Amino acid sequence: MLIKTVFAGFGGQGVLMMGYSLAHSAMSAGFQTTYLPTYGAEMRGGTAHCTVSVGDEEIASPIASQPENLVAMNEPSLEAFQNIVAPGGTIILNSSIIRQKPRRKDVTALEIPAVEIADQIGNTKAANIVMMGALVKRMAIIPPAVFLKSIEEIMGGKKKSALEMNRIAFGRGYDYI
Amino acid sequence: MLIKTVFAGFGGQGVLMMGYSLAHSAMSAGFQTTYLPTYGAEMRGGTAHCTVSVGDEEIASPIASQPENLVAMNEPSLEAFQNIVAPGGTIILNSSIIRQKPRRKDVTALEIPAVEIADQIGNTKAANIVMMGALVKRMAIIPPAVFLKSIEEIMGGKKKSALEMNRIAFGRGYDYI
Amino acid sequence: MNKVLIQGNNIIAEAAIRAGCTFYAGYPITPQNEIPEYMSEHLEKRGGIFIQAESEVSAINMVAGAAAAGARAMTSSSSPGMSLKQEGISSMAACEIPALIVNVMRGGPGLGNIRPSQGDYFQATRGGGHGDYRVIVLAPATCQEMADLTMDAFDLADRYRSPVMILADGMMGQMMEPVVFKEPKPRSYDLKYAMRGAGTGKSKIIRGLILDPYEMEENNWRLIRKYACITDNETRWESYLTDDANYVVVAYGTAARVTKGAIKRLRAAGLKVGLFRPISLWPFPSPALRSLAEKIKSFFVFEMSAGQMVEDVQLALGGAADVAFYGRPGGVVPTPAELADAIIRQYR
Amino acid sequence: MNKVLIQGNNIIAEAAIRAGCTFYAGYPITPQNEIPEYMSEHLEKRGGIFIQAESEVSAINMVAGAAAAGARAMTSSSSPGMSLKQEGISSMAACEIPALIVNVMRGGPGLGNIRPSQGDYFQATRGGGHGDYRVIVLAPATCQEMADLTMDAFDLADRYRSPVMILADGMMGQMMEPVVFKEPKPRSYDLKYAMRGAGTGKSKIIRGLILDPYEMEENNWRLIRKYACITDNETRWESYLTDDANYVVVAYGTAARVTKGAIKRLRAAGLKVGLFRPISLWPFPSPALRSLAEKIKSFFVFEMSAGQMVEDVQLALGGAADVAFYGRPGGVVPTPAELADAIIRQYR
Amino acid sequence: MKKVFSKPKCFKDNIMHYCPGCGHGIAHRLVGEVIDELDIRGIAIGVPPTGCAVLAYNYIDIDMIEAPHGRGPAMATAIKRVLPDRVVFTYQGDGDLAAIGIAESFHAANRGENITVIFINNGVYGMTGGQMAPTTMSNQKTTTSPYGRDVISAGFPIKVSETLAALGRTAYVERCALTTPAGVVKTKKAIKKAFRYQREGIGYSLVEILASCPTNWKMTPLDSLKWMDQVMLKEFPVGVLKDIGVTEKGADHAD
Amino acid sequence: MKKVFSKPKCFKDNIMHYCPGCGHGIAHRLVGEVIDELDIRGIAIGVPPTGCAVLAYNYIDIDMIEAPHGRGPAMATAIKRVLPDRVVFTYQGDGDLAAIGIAESFHAANRGENITVIFINNGVYGMTGGQMAPTTMSNQKTTTSPYGRDVISAGFPIKVSETLAALGRTAYVERCALTTPAGVVKTKKAIKKAFRYQREGIGYSLVEILASCPTNWKMTPLDSLKWMDQVMLKEFPVGVLKDIGVTEKGADHAD
Amino acid sequence: MKGKQGKISIREEFCKECHFCINVCPQGHIAPAATFNSRGYRPIAINPEGKPCTGCGLCALICPDIVIEVYRE
Amino acid sequence: MKGKQGKISIREEFCKECHFCINVCPQGHIAPAATFNSRGYRPIAINPEGKPCTGCGLCALICPDIVIEVYRE
Ligand SMILES: Cc1ncc(C[n+]2csc(CCOP(=O)(O)OP(=O)(O)O)c2C)c(N)n1
Ligand SMILES: Cc1ncc(C[n+]2csc(CCOP(=O)(O)OP(=O)(O)O)c2C)c(N)n1
Ligand code: SF4
Ligand code: SF4
Ligand code: SF4
Ligand code: SF4
Ligand code: SF4
Ligand code: SF4
Ligand SMILES: [Mg+2]
Ligand SMILES: [Mg+2]
């Protein structure tokens, strides 16, 4: 088993954090994993993206040639990556920002109004966690508890309220699909 | 035919000039020739030396492994080079400054009190030309006229008196042996 | 033995600190910035010295000074910055100053880009600097190796009083994999060459200047003998599925990772392909490769460059087997599928 | 056609001016100081620009700027200074800026000494700088060649829009031999790449930065194709007494001179030895050498280094003949007699 | 109504790659406006740096040649000497000019090369992710000074303009700031004067422009303008540091 | 009678390789005398330059490490940081310090490294044969300025000491000249103060020493002293350019 | 420019939401738009509650991305 | 140091004939020697016509080559 997921959006949407949390929880869940961010000038202004590979044996290339999943946070990202998604794969898109629909017909598209949902629970910034809820459910290999544990570890000293906020945001995303 | 001559002395004794004048006159006389000076830090304070090769066919290495002639202007130079002179070769030494005699017995040693001679004609600095007189005579392949012509060319715009001075100095050295 | 998920560049920095590195000087350049950034946050807290130098030229000479004073010292940079360090590296090799130099390669030549590349192999293994010298060059292919080889590098530097280079690339520097930091060897080397003030004893001189060419030649031969000894003792490589292979790919670092992916595909398609992965690029594991050539007659060199290591492969094989080459210069990391296709094209 | 007796370094400077070089920037270093000194005296008088740069790093970038502005430009240095120019050279290769770079090699590594040496062969031919690039490297063995190759170098630089290097050594730079300056080719190349202000037309951009790796790769392959074309068309060599030879010495520059002396001795002693002298070090005259191997089975490589060109010889011969090596690193120029002995020891 | 403000004629139509609120965008535009107003698009040659502005040629439509990090003044020196009647300028960041390139900057200024240096001081290494620059404020946190710039080990922020103004052959050195529309206007005047001096052969000119880098300062664009005003301008006071033009040839007819 | 003057204890017995009348010889001896008097032979670490003084270790019997041309201050920075209780100094020529090494010199001074720089200004590149240095006098003929230094293209002689004294964290900068016995005594005092300041942790010190290079000036040793007095000292006035020690900790008890 | 009449045109795609313009506009004539541009930024728009544009050009002067064109009588 | 008595000793081999010392000696106590040292320089010697050495040390201070040792009462 080897599942690759590309996360893409513009700087400030917490894209790299999404990828890291997936890789971390995959590690905790006992899988092999690699995480590869974009880096350097590209992050500036333009779009940021990262790739997480999760598998049960040694992972050769951390790069996503044909990712099973794409998590798209804005339109340029959907544009940039929808064509490389593996046939039968999944595109989870942030429908609050992305107005168009994916061109690909051979993939499942899950539209999550992440910003609205986050706004509802009073924290626009949590939109990325909402998306993670949907992704983790869809991937169905990482127990939600393990993921939330990872989030806690990653956020380290963050105060309870923030953690609670993530818990809720994750739940909303998880239950949305 | 290939004749190599090493000129050695301390900075300011006109050692490089001696070598250049020999190479230049050799060229004028229609021979193949190379000139290789010492360069860089060594010239400072310490001894300067140069090697001139004169031959009738392509000259491979401009370096003197076994020079036929050594022109030594001071004791350190004699020390440094007398051992490499070819058996049967010649050491022309500036006896005004060099008190010791060459250790080598298988070479001809010509002692020229160059400084005294130059002093006599009223120009200590001409000691090197005195030595050249002796050398050119000893080598016996470059016509004195050709050599003096080269000196003129080399010194270019120098005024007559200076050229005349060299003419005399050269003659003294030439006649000394 | 707890696993942590951290990034390649940070792994190098953390491993160095654990290995007793107490001095870091460097200058920012992508894709290795996380090394100086990590050092600036952690090194001084843990008793070391961090200096952001005004340039790579200054950084390499600071490292030379610190190492000459007896510290375990390191610098890091990426391709253009490495070019600026060449005089300093040549000088350190001449003065036999041990230190770690990390090059996280990017696309070149010139300013190029910041993508993963292997275009600096010649510079690293042939001495981009002037004169006859070599530095030990280690090429990690996993985050775990980033940790292990960094620690080993300091040990090798001390053992041979020589600069040692970790040659990674943007992907190795930026990616994360779970790693476990091993216990570093204690530093048990005689440092009597170190400049620490003469005290009441004889004064020490560290210098590369030897005006007399014959003395210089003697010293050079002494260094060459040292290099020969390194060549005899320090070659490292990995063989992967070579026993039953008809074809063997030779690749290092990131290219070797991609190759493993390609091999899975190829073997699935019934093509018996193996991998020979040099870990020490200098000394190059020529004997090991040469002995493989006793049964394997077709080697396929893959580099993320226009072809540099391929010369070492040819020199090692000396005509004993044929050598094909596939290169992707300029910052491109091909997919395992692309590589697999290239291999099939070559041998079908 | 009048002969003049001037020194190697001055010959390069004079030949460059005659070839239309109108810009020189350099920094003092022995044994090449006579080049900047000559330029400072003559270049401006003859309509050019001389700048003593604050460093070699600055000098190479000044040359890049001048050449990019359309001038025939050059710099010169010696080993340690050349190491500092590597980033600039890589950048010029990437930007395809034509210029002449002279390296009058001295003993290395490090500060070393100022004696003649050939220790920078790897740096010159393998790109001491980062990334996949090559520069044309020409190695003169006589003062006459210093003059001729300098003029040719500017022509080659323009033809291929590439930096071209003259690789000489302290002996070539310091010695004098009578030379005759040939008439230089007129400069008849399209300079539309030159930065001279856009006027009313399209603006020009000269850059090495190509952030997209696939674009960068395309550009690299384009450069590689250019290098291949250079390899096909610009190899130069001299064969000396190889027709009846049983053994052939491969040597360049000063080492080749010494070899001719040794060959005289050896032939006098009845040993049929010839010389193959690469004049272009990159591209290396592999085909010519290879074809020699059809009848000659023993090649003897002699370098004033610990062994660098010997790799190109082995790569060229690919096992077709055996290769012996004799090296004298660190600034030593052996005598023809010493070399002859070494050859006899090898083959008796 | 007539158009009173729009994109400079010498500008290409690309969206700039800079971050929201980045000072480079304004500085680029001002250079473009001055090139338009002096009508020198055809004779201007720019040397962009290795830094965030490396892609300046994607926006300003003039001849440009990229310089290796810090070496712009060396390149510009040569270009100007080869083409004395062109207007040659470097555009450099503070890391580029004051760290790796200080030697080239110092010596080009000391030689009094008749070039113009547009010096964008944002107090950090922008392109590489906000590391400490020679111009970083005392105690300022950056990715390589996570506890704040320690002046005891890193020294005080370097005032390059003051250093270069003190050299014998520099002609015009002014420091400006892009914090307000007025500052923007002042900056444009300074750039215009610098280019004019170059054309008049008055000599080396440098315009230091304090500019925002919200991304690496980890501030909102608006907060970064506030911070510049409250902190950066205290350390780097704006104003003319040197101007030989006013006296010499009374050339200061800056409008 | 008792011996009142002889070779410093920390000196080796080699004849120095310098030319007749070379200022390096005196400067070396003074460094040696100060090392003796402060009794720091055991903790002194010297960084000789690439220049005529590259062989300083043949004369002064202390730990020394050669620096690549111009990089002494970078090396010294690291050595001092690793060994804070040692006395670390560079010994640099004007080409080494002001040309190729200006970046390292400028930044080490700006960081305020607690090191001492002995700066030998002889206005030329001595070792390489008398080429023009950044400090060469206006109109002075050298092997690379055969018609005299043209300030229009080469700029004015650089006053490094003034530039570095202006930086925030430099502690002590003085210029001296080896033209007379009195000047020699002053120079020794300056070196002694610089070393003492370093030991007291007062900070970065630089002693610029105007020194003769008869060989490359193409003068007799005696004429070169005259020339220094008549020409060089006019351009480079001797004196203390900065001294925070006198105020701070009242540390100026120079004898 | 009292009483002067002006107007601005906005190149939404160029806007990066830095709000420099909003901050300097003396008329409060500009405000964030409700929607995003394709690059994910909320560009500016004319502020319905704002006073009329005088064409003073301050917004354009401070705009880093040449988003605003200004017209004046 | 009026009237003081002193003397100097000379390490001939170290002397490079720069004459700095001769130039500064208030007593004219030193002068060029008649002969050369082995390195080709005429070292200094005591000047028979000179006044006696006072041991002031000026010569030693200015000597670049540590040729002179000075003794004083
Ligand atoms: C030789 C070299 N060293 C380092 C780098 C990496 N690098 C690129 S830009 C830059 C500094 C950018 O900072 P600055 O000059 O202040 O410009 P800004 O991005 O802040 O405008 C650095 C260190 C490089 N490209 N080349
Ligand atoms: C990288 C490099 N560039 C150039 C040189 C050649 N070089 C040696 S010493 C020197 C300058 C010497 O002048 P200075 O620093 O003034 O010292 P001085 O000899 O005058 O005391 C130069 C250019 C070198 N060794 N290394
Ligand atoms: S990083 Fe800073 S300087 Fe670079 S583009 Fe972004 S804001 Fe501007
Ligand atoms: S060249 Fe000048 S500096 Fe060098 S030793 Fe001679 S006199 Fe002294
Ligand atoms: S032109 Fe003036 S009034 Fe109109 S929007 Fe801009 S700032 Fe406001
Ligand atoms: S200033 Fe320009 S970029 Fe910023 S919000 Fe206003 S229009 Fe948009
Ligand atoms: S000590 Fe004084 S008096 Fe004696 S020789 Fe020296 S200078 Fe003259
Ligand atoms: S000063 Fe010293 S070297 Fe010079 S002449 Fe006198 S003794 Fe000799
Ligand atoms: Mg900056
Ligand atoms: Mg000097």
# chains A, B, ... in the order shown; residues from 1 in each chain; ligands from 1
>>> residues_near_ligand(ligand="ligand 7", cutoff="8 Å", atoms="only C-alpha atoms and all ligand atoms", output="VMD selection string")
chain H and resid 6 to 8 21 to 22 24 to 30 52 to 60 68 70 to 71
>>> residues_around(residues="Lys192 in chain C", least_positions_apart="4", cutoff="10 Å", atoms="only C-alpha atoms", output="PyMOL selection string")
chain C and resi 70+196+204
>>> write_last_selection(atoms="N, CA and C atoms", output="PDB file, in the first residue's frame")
ATOM      1  N   GLY C  70      40.925  23.753  17.247  1.00  0.00           N
ATOM      2  CA  GLY C  70      40.579  22.510  17.933  1.00  0.00           C
ATOM      3  C   GLY C  70      39.098  22.195  18.039  1.00  0.00           C
ATOM      4  N   ARG C 196      46.527  26.523  19.927  1.00  0.00           N
ATOM      5  CA  ARG C 196      45.879  26.977  21.162  1.00  0.00           C
ATOM      6  C   ARG C 196      46.804  27.831  22.001  1.00  0.00           C
ATOM      7  N   LYS C 204      53.420  26.168  17.291  1.00  0.00           N
ATOM      8  CA  LYS C 204      52.875  25.414  16.156  1.00  0.00           C
ATOM      9  C   LYS C 204      52.611  26.345  14.987  1.00  0.00           C
TER      10      LYS C 204
END
>>> atom_distance(atom1="CA of Ala165 in chain F", atom2="CA of Pro73 in chain E")
24.5 Å
>>> residues_near_ligand(ligand="ligand 9", cutoff="10 Å", atoms="only C-alpha atoms and all ligand atoms", output="short mmCIF file (atom, residue, chain, number, x, y, z; two decimals) with N, CA, C and O atoms, in the first residue's frame")
data_model
loop_
_atom_site.label_atom_id
_atom_site.label_comp_id
_atom_site.auth_asym_id
_atom_site.auth_seq_id
_atom_site.Cartn_x
_atom_site.Cartn_y
_atom_site.Cartn_z
N HIS E 24 9.41 46.20 -2.71
CA HIS E 24 10.01 46.11 -4.05
C HIS E 24 9.06 46.59 -5.13
O HIS E 24 9.47 47.22 -6.10
N GLY E 51 18.32 38.11 -5.16
CA GLY E 51 17.47 38.52 -4.06
C GLY E 51 16.05 38.46 -4.59
O GLY E 51 15.83 38.06 -5.74
N CYS E 52 15.10 38.90 -3.79
CA CYS E 52 13.73 38.83 -4.27
C CYS E 52 13.55 39.57 -5.59
O CYS E 52 12.70 39.22 -6.39
N ALA E 53 14.39 40.58 -5.82
CA ALA E 53 14.22 41.39 -7.03
C ALA E 53 14.93 40.79 -8.23
O ALA E 53 15.06 41.43 -9.27
N GLN E 92 19.86 46.52 -5.63
CA GLN E 92 20.40 45.54 -4.70
C GLN E 92 19.69 45.53 -3.36
O GLN E 92 19.30 46.58 -2.85
N GLY E 93 19.57 44.36 -2.80
CA GLY E 93 19.05 44.24 -1.45
C GLY E 93 20.14 44.49 -0.43
O GLY E 93 21.31 44.64 -0.78
N ASP E 94 19.75 44.52 0.82
CA ASP E 94 20.73 44.82 1.87
C ASP E 94 21.69 43.66 2.11
O ASP E 94 22.87 43.87 2.41
N GLY E 95 21.21 42.43 1.96
CA GLY E 95 22.14 41.31 2.08
C GLY E 95 23.11 41.33 0.92
O GLY E 95 24.32 41.18 1.09
N ASP E 96 22.57 41.55 -0.25
CA ASP E 96 23.37 41.57 -1.46
C ASP E 96 24.44 42.66 -1.40
O ASP E 96 25.61 42.41 -1.70
N LEU E 97 24.06 43.84 -0.97
CA LEU E 97 24.97 44.98 -0.99
C LEU E 97 25.87 45.04 0.23
O LEU E 97 27.07 45.28 0.12
N ALA E 98 25.30 44.79 1.40
CA ALA E 98 26.05 45.07 2.64
C ALA E 98 26.75 43.84 3.22
O ALA E 98 27.67 43.98 4.01
N PHE E 119 19.34 50.85 -3.62
CA PHE E 119 19.65 49.97 -2.48
C PHE E 119 18.38 49.77 -1.65
O PHE E 119 17.94 50.67 -0.95
N ILE E 120 17.79 48.60 -1.75
CA ILE E 120 16.55 48.30 -1.05
C ILE E 120 16.86 47.68 0.31
O ILE E 120 17.29 46.52 0.40
N ASN E 121 16.69 48.48 1.34
CA ASN E 121 16.98 48.04 2.69
C ASN E 121 15.69 47.61 3.39
O ASN E 121 14.90 48.44 3.82
N ASN E 122 15.51 46.30 3.50
CA ASN E 122 14.33 45.79 4.24
C ASN E 122 14.78 45.03 5.48
O ASN E 122 14.00 44.29 6.09
N GLY E 123 16.05 45.16 5.81
CA GLY E 123 16.53 44.64 7.09
C GLY E 123 16.58 43.13 7.23
O GLY E 123 16.82 42.63 8.33
N VAL E 124 16.31 42.43 6.16
CA VAL E 124 16.40 40.96 6.21
C VAL E 124 16.81 40.42 4.84
O VAL E 124 16.81 41.14 3.85
N TYR E 125 17.15 39.13 4.83
CA TYR E 125 17.33 38.42 3.58
C TYR E 125 15.94 37.95 3.17
O TYR E 125 15.44 36.97 3.71
N GLY E 126 15.33 38.69 2.27
CA GLY E 126 13.95 38.35 1.92
C GLY E 126 13.85 37.03 1.18
O GLY E 126 13.16 36.11 1.60
N MET E 127 14.58 36.93 0.10
CA MET E 127 14.39 35.81 -0.80
C MET E 127 14.61 34.46 -0.13
O MET E 127 13.93 33.48 -0.43
N THR E 128 15.56 34.42 0.78
CA THR E 128 15.91 33.13 1.37
C THR E 128 15.13 32.83 2.64
O THR E 128 15.38 31.82 3.28
N GLY E 129 14.24 33.72 3.00
CA GLY E 129 13.35 33.38 4.10
C GLY E 129 13.58 34.15 5.38
O GLY E 129 13.31 33.66 6.47
N GLY E 130 14.09 35.36 5.26
CA GLY E 130 14.09 36.24 6.42
C GLY E 130 15.21 36.05 7.42
O GLY E 130 15.04 36.25 8.63
N GLN E 131 16.39 35.68 6.92
CA GLN E 131 17.52 35.58 7.85
C GLN E 131 18.01 36.98 8.22
O GLN E 131 17.68 37.97 7.57
N MET E 132 18.85 37.04 9.23
CA MET E 132 19.41 38.30 9.69
C MET E 132 20.29 38.91 8.59
O MET E 132 21.08 38.21 7.96
N ALA E 133 20.12 40.19 8.37
CA ALA E 133 20.95 40.92 7.41
C ALA E 133 21.87 41.86 8.19
O ALA E 133 21.66 42.07 9.39
N PRO E 134 22.88 42.42 7.52
CA PRO E 134 23.75 43.37 8.23
C PRO E 134 22.94 44.56 8.75
O PRO E 134 23.35 45.22 9.70
N THR E 135 21.81 44.80 8.13
CA THR E 135 20.97 45.95 8.46
C THR E 135 19.83 45.61 9.43
O THR E 135 19.02 46.47 9.74
N THR E 136 19.75 44.38 9.86
CA THR E 136 18.71 43.98 10.81
C THR E 136 18.83 44.81 12.09
O THR E 136 19.94 45.06 12.56
N LEU E 210 14.30 52.45 2.31
CA LEU E 210 13.78 51.57 3.36
C LEU E 210 12.46 51.00 2.87
O LEU E 210 11.57 51.75 2.47
N ALA E 211 12.38 49.68 2.85
CA ALA E 211 11.22 49.04 2.25
C ALA E 211 10.70 47.92 3.15
O ALA E 211 11.44 47.36 3.95
N SER E 212 9.44 47.61 2.97
CA SER E 212 8.80 46.62 3.85
C SER E 212 8.98 45.21 3.33
O SER E 212 9.06 44.97 2.13
N CYS E 213 9.06 44.27 4.26
CA CYS E 213 9.07 42.85 3.95
C CYS E 213 8.13 42.15 4.93
O CYS E 213 8.55 41.46 5.85
N ASN E 216 8.61 38.33 5.92
CA ASN E 216 9.66 37.90 6.82
C ASN E 216 9.68 38.63 8.14
O ASN E 216 10.27 38.15 9.11
#
>>> interface_residues(of="chain F", to="chain H", cutoff="12 Å", atoms="only C-alpha atoms", output="PyMOL selection string")
chain F and resi 1-8+11-30+32-33+59+177-188+211-215+219-226
>>> select_by_dssp(residues="range 300-344 of chain D", states="alpha helix (DSSP H)", output="number ranges by chain")
D: 309-317, 336-344
>>> write_last_selection(atoms="C-alpha atoms", output="compact mmCIF listing (two decimals), in the first residue's frame")
# COMPACT_ATOMS: atom_id res chain seq x y z
CA MET D 309 44.76 14.38 -17.15
CA VAL D 310 45.59 10.70 -16.79
CA GLU D 311 41.86 10.15 -16.21
CA ASP D 312 41.03 11.66 -19.58
CA VAL D 313 43.64 9.44 -21.17
CA GLN D 314 42.12 6.36 -19.54
CA LEU D 315 38.62 7.45 -20.53
CA ALA D 316 39.79 8.01 -24.11
CA LEU D 317 41.56 4.67 -24.35
CA PRO D 336 64.42 15.79 -19.33
CA ALA D 337 66.98 13.37 -17.86
CA GLU D 338 64.81 12.60 -14.82
CA LEU D 339 61.82 11.99 -17.04
CA ALA D 340 63.85 9.83 -19.39
CA ASP D 341 64.96 7.72 -16.44
CA ALA D 342 61.38 7.34 -15.27
CA ILE D 343 60.35 6.16 -18.72
CA ILE D 344 63.23 3.70 -18.90
>>> interface_residues(of="chain D", to="chain F", cutoff="8 Å", atoms="only C-alpha atoms", output="ChimeraX atom specification")
/D:28-30,33,36-38,40-41,51-52,54-56,110-111
>>> interface_residues(of="chain B", to="chain D", cutoff="7 Å", atoms="only C-alpha atoms", output="list in words")
His24, Thr33, Thr34, Tyr35, Leu36, Pro37, Gly40, Ala60, Ser61 and Ser65 of chain B
